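Down below is the structure, laid out as structure tokens.
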Amino acid sequence: MSSSGSAVEIEGVSRTFGSVKAVDGLSLKLNAGEVMGFLGTNGAGKTTTIKMVLGLLAPGEGKVSVFGGDPSDPAVRARVGYMPEVATYYPYLNARELLAFYGGICGLDAKMVKDRTDGLLESVGLADAAKRPLKTYSKGMLQRAGIAQALLNDPDLLVLDEPFTGLDPLARIHFRELMRSLKERGKAIFFSSHELGETELLCDRVAIMKKGRCVYQGSVKGIAGDGESNLERLFLKTLEGAK
């Protein structure tokens with residue numbers, strides 16, 4: 001796939017549930033080969049936005065496009081990988097069986113899934129535990145299995161909801177290295193997180209949400225990170241200053 005052009009475009013999008021405006025006039029763009037952190041407190045509209053990017057929800061107003069198409073289009077979805085914040089897996093499957101199971105659900109070629117499995121499990125640090133049932137996995141190991149599942153179709157857009165949850169420091173380092181290697185291949189990565197330090201290390205740009213509105217968008221390079229200014233201080237200052 002081309003490494004140029006936009007992966008996600010959100011234009012003036014709003015979404016209301018009853019009397020609650022979960023997303024209010026959101027506009028942002030994610031380019032191929034770019035990592036964007038999507039930040040905000042609980043209830044800020046992050047998950048609703050992610051569901052619209054995945055084509056699971058339609059915007060009430062505005063437009064969401066993924067690779068120039070409708071995110072609910074099967075051809076578009078085939079280019080997207082997703083890891084939810086909380087995933088429930090069959091506990092008696094092992095990691096290999098999990099990937100084969102999801103590959104079947106997604107209609108992926110069985111040989112392709114088999115060929116990719118060893119490399120994926122190695123990349124997320126589960127090669128030695130590949131034959132163990134998932135019920136014996138720690139929370140961090142299950143998180144790594146979820147990352148492998150999200151990468152199974154070699155997506156051009158990777159959408160991750162709180163990917164750092166449960167990862168120990170070494171696993172976080174490996175995760176950052178994996179995401180950087182995907183970026184170098186022209187993949188677009190869009191993730192929500194409460195882990196501001198990790199976000200600052202990994203992202204090209206960040207967007208901060210408050211009560212459904214985007215109150216900040218900017219480059220991480222514009223944040224000094226020298227003790228005087230960093231993402232955590234910017235986050236607090238932005239939310240305190242936004243009405």
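Here's how to read the names in the structure tokens: chain A, B, ... by the order shown, residue numbers from 1 in each chain, ligand numbers from 1 in the order shown.
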
(message) At a cut-off of 12 Å, using only C-alpha atoms, what residues contact A:Ala129? Leave out same-chain residues fewer than 2 positions from it and give the result as a list in words.
(response)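 What passes the distance filter is Leu93, Asn94, Ala95, Arg96, Asp118, Leu121, Glu122, Val124, Gly125, Leu126, Ala127, Lys131, Arg132, Pro133, Leu134, Lys135, Thr136, Tyr137, Ser138, Met141, Leu142, Arg144 and Ala145 of chain A.
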
Residues near stretch 17-24 of chain A, anyone? I mean within 7 Å using only C-alpha atoms, not counting same-chain ones fewer than 3 positions away, as a PDB file with C-alpha atoms, in the first residue's frame.
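Listing of out-v1.pdb after writing:
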ATOM      1  CA  VAL A  13     -18.612  15.029  13.179  1.00  0.00           C
ATOM      2  CA  SER A  14     -21.148  15.005  15.985  1.00  0.00           C
ATOM      3  CA  GLY A  45     -15.943  10.915  23.480  1.00  0.00           C
ATOM      4  CA  THR A  48     -17.610   6.852  20.406  1.00  0.00           C
ATOM      5  CA  GLY A 212     -17.094  15.568  23.259  1.00  0.00           C
ATOM      6  CA  ARG A 213     -15.064  18.462  21.830  1.00  0.00           C
TER       7      ARG A 213
END

(message) I'd like the contact shell of stretch 167-176 of chain A - 12 Å cut-off, only C-alpha atoms, skipping same-chain residues fewer than 5 positions apart - returned as a ChimeraX atom specification.
(response) /A:35,122-126,138-148,162,181-183,189,195,197-203

(request) Considering only C-alpha atoms, return as a ChimeraX atom specification whatever protein or nucleic-acid residues lie within 6 Å of stretch 204-207 of chain A, sequence-local ones (same chain, fewer than 2 positions apart) excluded. (result) /A:35-38,216-220

(request) Identify all residues of stretch 64-220 of chain A in strand (DSSP E) (DSSP on the backbone) and supply them as a PyMOL selection string. (result) chain A and resi 64-66+80-83+157-161+188-192+205-210+213-219

(message) Using only C-alpha atoms, can you tell me which of A:Thr47, A:Gly33, A:Glu9, A:Leu239 comes closest to A:Met179?
(response)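 With only C-alpha atoms as the atom set, the closest residue is A:Gly33.
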
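DSSP, applied to the backbone of this structure, assigns helix (DSSP H, G or I) to the following residues of stretch 51-82 of chain A: Lys51, Met52, Val53, Pro74, Ala75, Val76 and Arg77 of chain A.
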
(message) Applying 12 Å and only C-alpha atoms, which residues near A:Gln149 remain after dropping the ones on its own chain fewer than 6 positions away? List them as an NGL selection string.
(response) :A and (80-84 or 87 or 89 or 95-106 or 113 or 116-117 or 120-121 or 123-124 or 142-143 or 155 or 158-160)

Selection export as an mmCIF file, in the first residue's frame, atoms kept: N, CA and C atoms:
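Dumped to again.cif:
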data_model
loop_
_atom_site.group_PDB
_atom_site.id
_atom_site.type_symbol
_atom_site.label_atom_id
_atom_site.label_comp_id
_atom_site.auth_asym_id
_atom_site.auth_seq_id
_atom_site.Cartn_x
_atom_site.Cartn_y
_atom_site.Cartn_z
ATOM 1 N N VAL A 80 -8.164 -2.554 8.084
ATOM 2 C CA VAL A 80 -8.131 -2.006 9.435
ATOM 3 C C VAL A 80 -7.953 -3.129 10.452
ATOM 4 N N GLY A 81 -7.076 -2.900 11.427
ATOM 5 C CA GLY A 81 -6.927 -3.803 12.563
ATOM 6 C C GLY A 81 -7.355 -3.081 13.828
ATOM 7 N N TYR A 82 -8.015 -3.806 14.733
ATOM 8 C CA TYR A 82 -8.567 -3.161 15.935
ATOM 9 C C TYR A 82 -8.340 -4.027 17.162
ATOM 10 N N MET A 83 -7.913 -3.385 18.236
ATOM 11 C CA MET A 83 -7.818 -4.035 19.527
ATOM 12 C C MET A 83 -8.637 -3.246 20.541
ATOM 13 N N PRO A 84 -9.703 -3.838 21.104
ATOM 14 C CA PRO A 84 -10.508 -3.125 22.100
ATOM 15 C C PRO A 84 -9.784 -3.037 23.441
ATOM 16 N N ALA A 87 -10.997 -7.289 25.870
ATOM 17 C CA ALA A 87 -11.400 -8.345 24.942
ATOM 18 C C ALA A 87 -11.624 -9.634 25.735
ATOM 19 N N TYR A 89 -11.722 -13.632 25.422
ATOM 20 C CA TYR A 89 -11.338 -14.725 24.551
ATOM 21 C C TYR A 89 -11.776 -16.058 25.154
ATOM 22 N N ALA A 95 -2.703 -19.379 22.043
ATOM 23 C CA ALA A 95 -2.511 -18.186 21.202
ATOM 24 C C ALA A 95 -2.582 -18.529 19.715
ATOM 25 N N ARG A 96 -2.010 -19.661 19.342
ATOM 26 C CA ARG A 96 -2.071 -20.074 17.932
ATOM 27 C C ARG A 96 -3.510 -20.292 17.493
ATOM 28 N N GLU A 97 -4.259 -20.980 18.337
ATOM 29 C CA GLU A 97 -5.660 -21.271 18.020
ATOM 30 C C GLU A 97 -6.489 -19.997 17.983
ATOM 31 N N LEU A 98 -6.141 -19.042 18.850
ATOM 32 C CA LEU A 98 -6.848 -17.764 18.854
ATOM 33 C C LEU A 98 -6.704 -17.061 17.511
ATOM 34 N N LEU A 99 -5.484 -16.994 16.991
ATOM 35 C CA LEU A 99 -5.258 -16.323 15.718
ATOM 36 C C LEU A 99 -5.946 -17.073 14.576
ATOM 37 N N ALA A 100 -5.923 -18.403 14.614
ATOM 38 C CA ALA A 100 -6.611 -19.184 13.585
ATOM 39 C C ALA A 100 -8.117 -18.942 13.648
ATOM 40 N N PHE A 101 -8.651 -18.841 14.859
ATOM 41 C CA PHE A 101 -10.080 -18.600 15.056
ATOM 42 C C PHE A 101 -10.489 -17.247 14.484
ATOM 43 N N TYR A 102 -9.726 -16.199 14.828
ATOM 44 C CA TYR A 102 -10.057 -14.864 14.328
ATOM 45 C C TYR A 102 -9.830 -14.755 12.834
ATOM 46 N N GLY A 103 -8.818 -15.445 12.336
ATOM 47 C CA GLY A 103 -8.601 -15.447 10.900
ATOM 48 C C GLY A 103 -9.787 -16.039 10.163
ATOM 49 N N GLY A 104 -10.358 -17.107 10.711
ATOM 50 C CA GLY A 104 -11.541 -17.715 10.107
ATOM 51 C C GLY A 104 -12.745 -16.799 10.144
ATOM 52 N N ILE A 105 -12.945 -16.118 11.282
ATOM 53 C CA ILE A 105 -14.073 -15.187 11.405
ATOM 54 C C ILE A 105 -13.962 -14.066 10.373
ATOM 55 N N CYS A 106 -12.743 -13.591 10.151
ATOM 56 C CA CYS A 106 -12.521 -12.469 9.233
ATOM 57 C C CYS A 106 -12.414 -12.903 7.777
ATOM 58 N N VAL A 113 -2.764 -16.960 7.387
ATOM 59 C CA VAL A 113 -2.820 -16.858 8.843
ATOM 60 C C VAL A 113 -1.744 -17.741 9.476
ATOM 61 N N ARG A 116 1.719 -16.254 9.061
ATOM 62 C CA ARG A 116 1.962 -15.030 9.826
ATOM 63 C C ARG A 116 2.026 -15.275 11.335
ATOM 64 N N THR A 117 1.478 -16.396 11.787
ATOM 65 C CA THR A 117 1.306 -16.616 13.221
ATOM 66 C C THR A 117 2.614 -16.601 13.996
ATOM 67 N N LEU A 120 4.088 -13.067 14.268
ATOM 68 C CA LEU A 120 3.286 -12.188 15.122
ATOM 69 C C LEU A 120 3.501 -12.513 16.604
ATOM 70 N N LEU A 121 3.467 -13.800 16.940
ATOM 71 C CA LEU A 121 3.637 -14.178 18.340
ATOM 72 C C LEU A 121 5.044 -13.837 18.832
ATOM 73 N N SER A 123 6.783 -11.280 17.670
ATOM 74 C CA SER A 123 6.854 -9.816 17.751
ATOM 75 C C SER A 123 6.206 -9.263 19.004
ATOM 76 N N VAL A 124 5.205 -9.978 19.555
ATOM 77 C CA VAL A 124 4.541 -9.499 20.780
ATOM 78 C C VAL A 124 5.046 -10.225 22.027
ATOM 79 N N LEU A 142 -2.508 -11.357 27.847
ATOM 80 C CA LEU A 142 -3.741 -11.277 27.057
ATOM 81 C C LEU A 142 -3.746 -10.023 26.193
ATOM 82 N N GLN A 143 -3.196 -8.940 26.737
ATOM 83 C CA GLN A 143 -3.097 -7.701 25.968
ATOM 84 C C GLN A 143 -2.203 -7.902 24.749
ATOM 85 N N PRO A 155 -2.841 -4.883 8.722
ATOM 86 C CA PRO A 155 -3.667 -3.716 8.396
ATOM 87 C C PRO A 155 -2.851 -2.485 8.023
ATOM 88 N N LEU A 158 -4.186 0.818 12.094
ATOM 89 C CA LEU A 158 -4.293 0.085 13.346
ATOM 90 C C LEU A 158 -4.956 0.994 14.378
ATOM 91 N N VAL A 159 -6.081 0.536 14.934
ATOM 92 C CA VAL A 159 -6.844 1.298 15.922
ATOM 93 C C VAL A 159 -6.772 0.538 17.240
ATOM 94 N N LEU A 160 -6.242 1.191 18.269
ATOM 95 C CA LEU A 160 -6.007 0.542 19.558
ATOM 96 C C LEU A 160 -6.652 1.348 20.677
#

(message) When you count only C-alpha atoms, which of these residues is closest to A:Glu240: A:Ala58, A:Val215, A:Arg77, A:Ala188?
(response) A:Val215

(request) Would you kindly return, as a ChimeraX atom specification, each protein, DNA or RNA residue with an atom no farther than 9 Å from any atom of A:Leu56, considering only C-alpha atoms and excluding same-chain residues fewer than 3 positions away? (result) /A:50-53,71-72
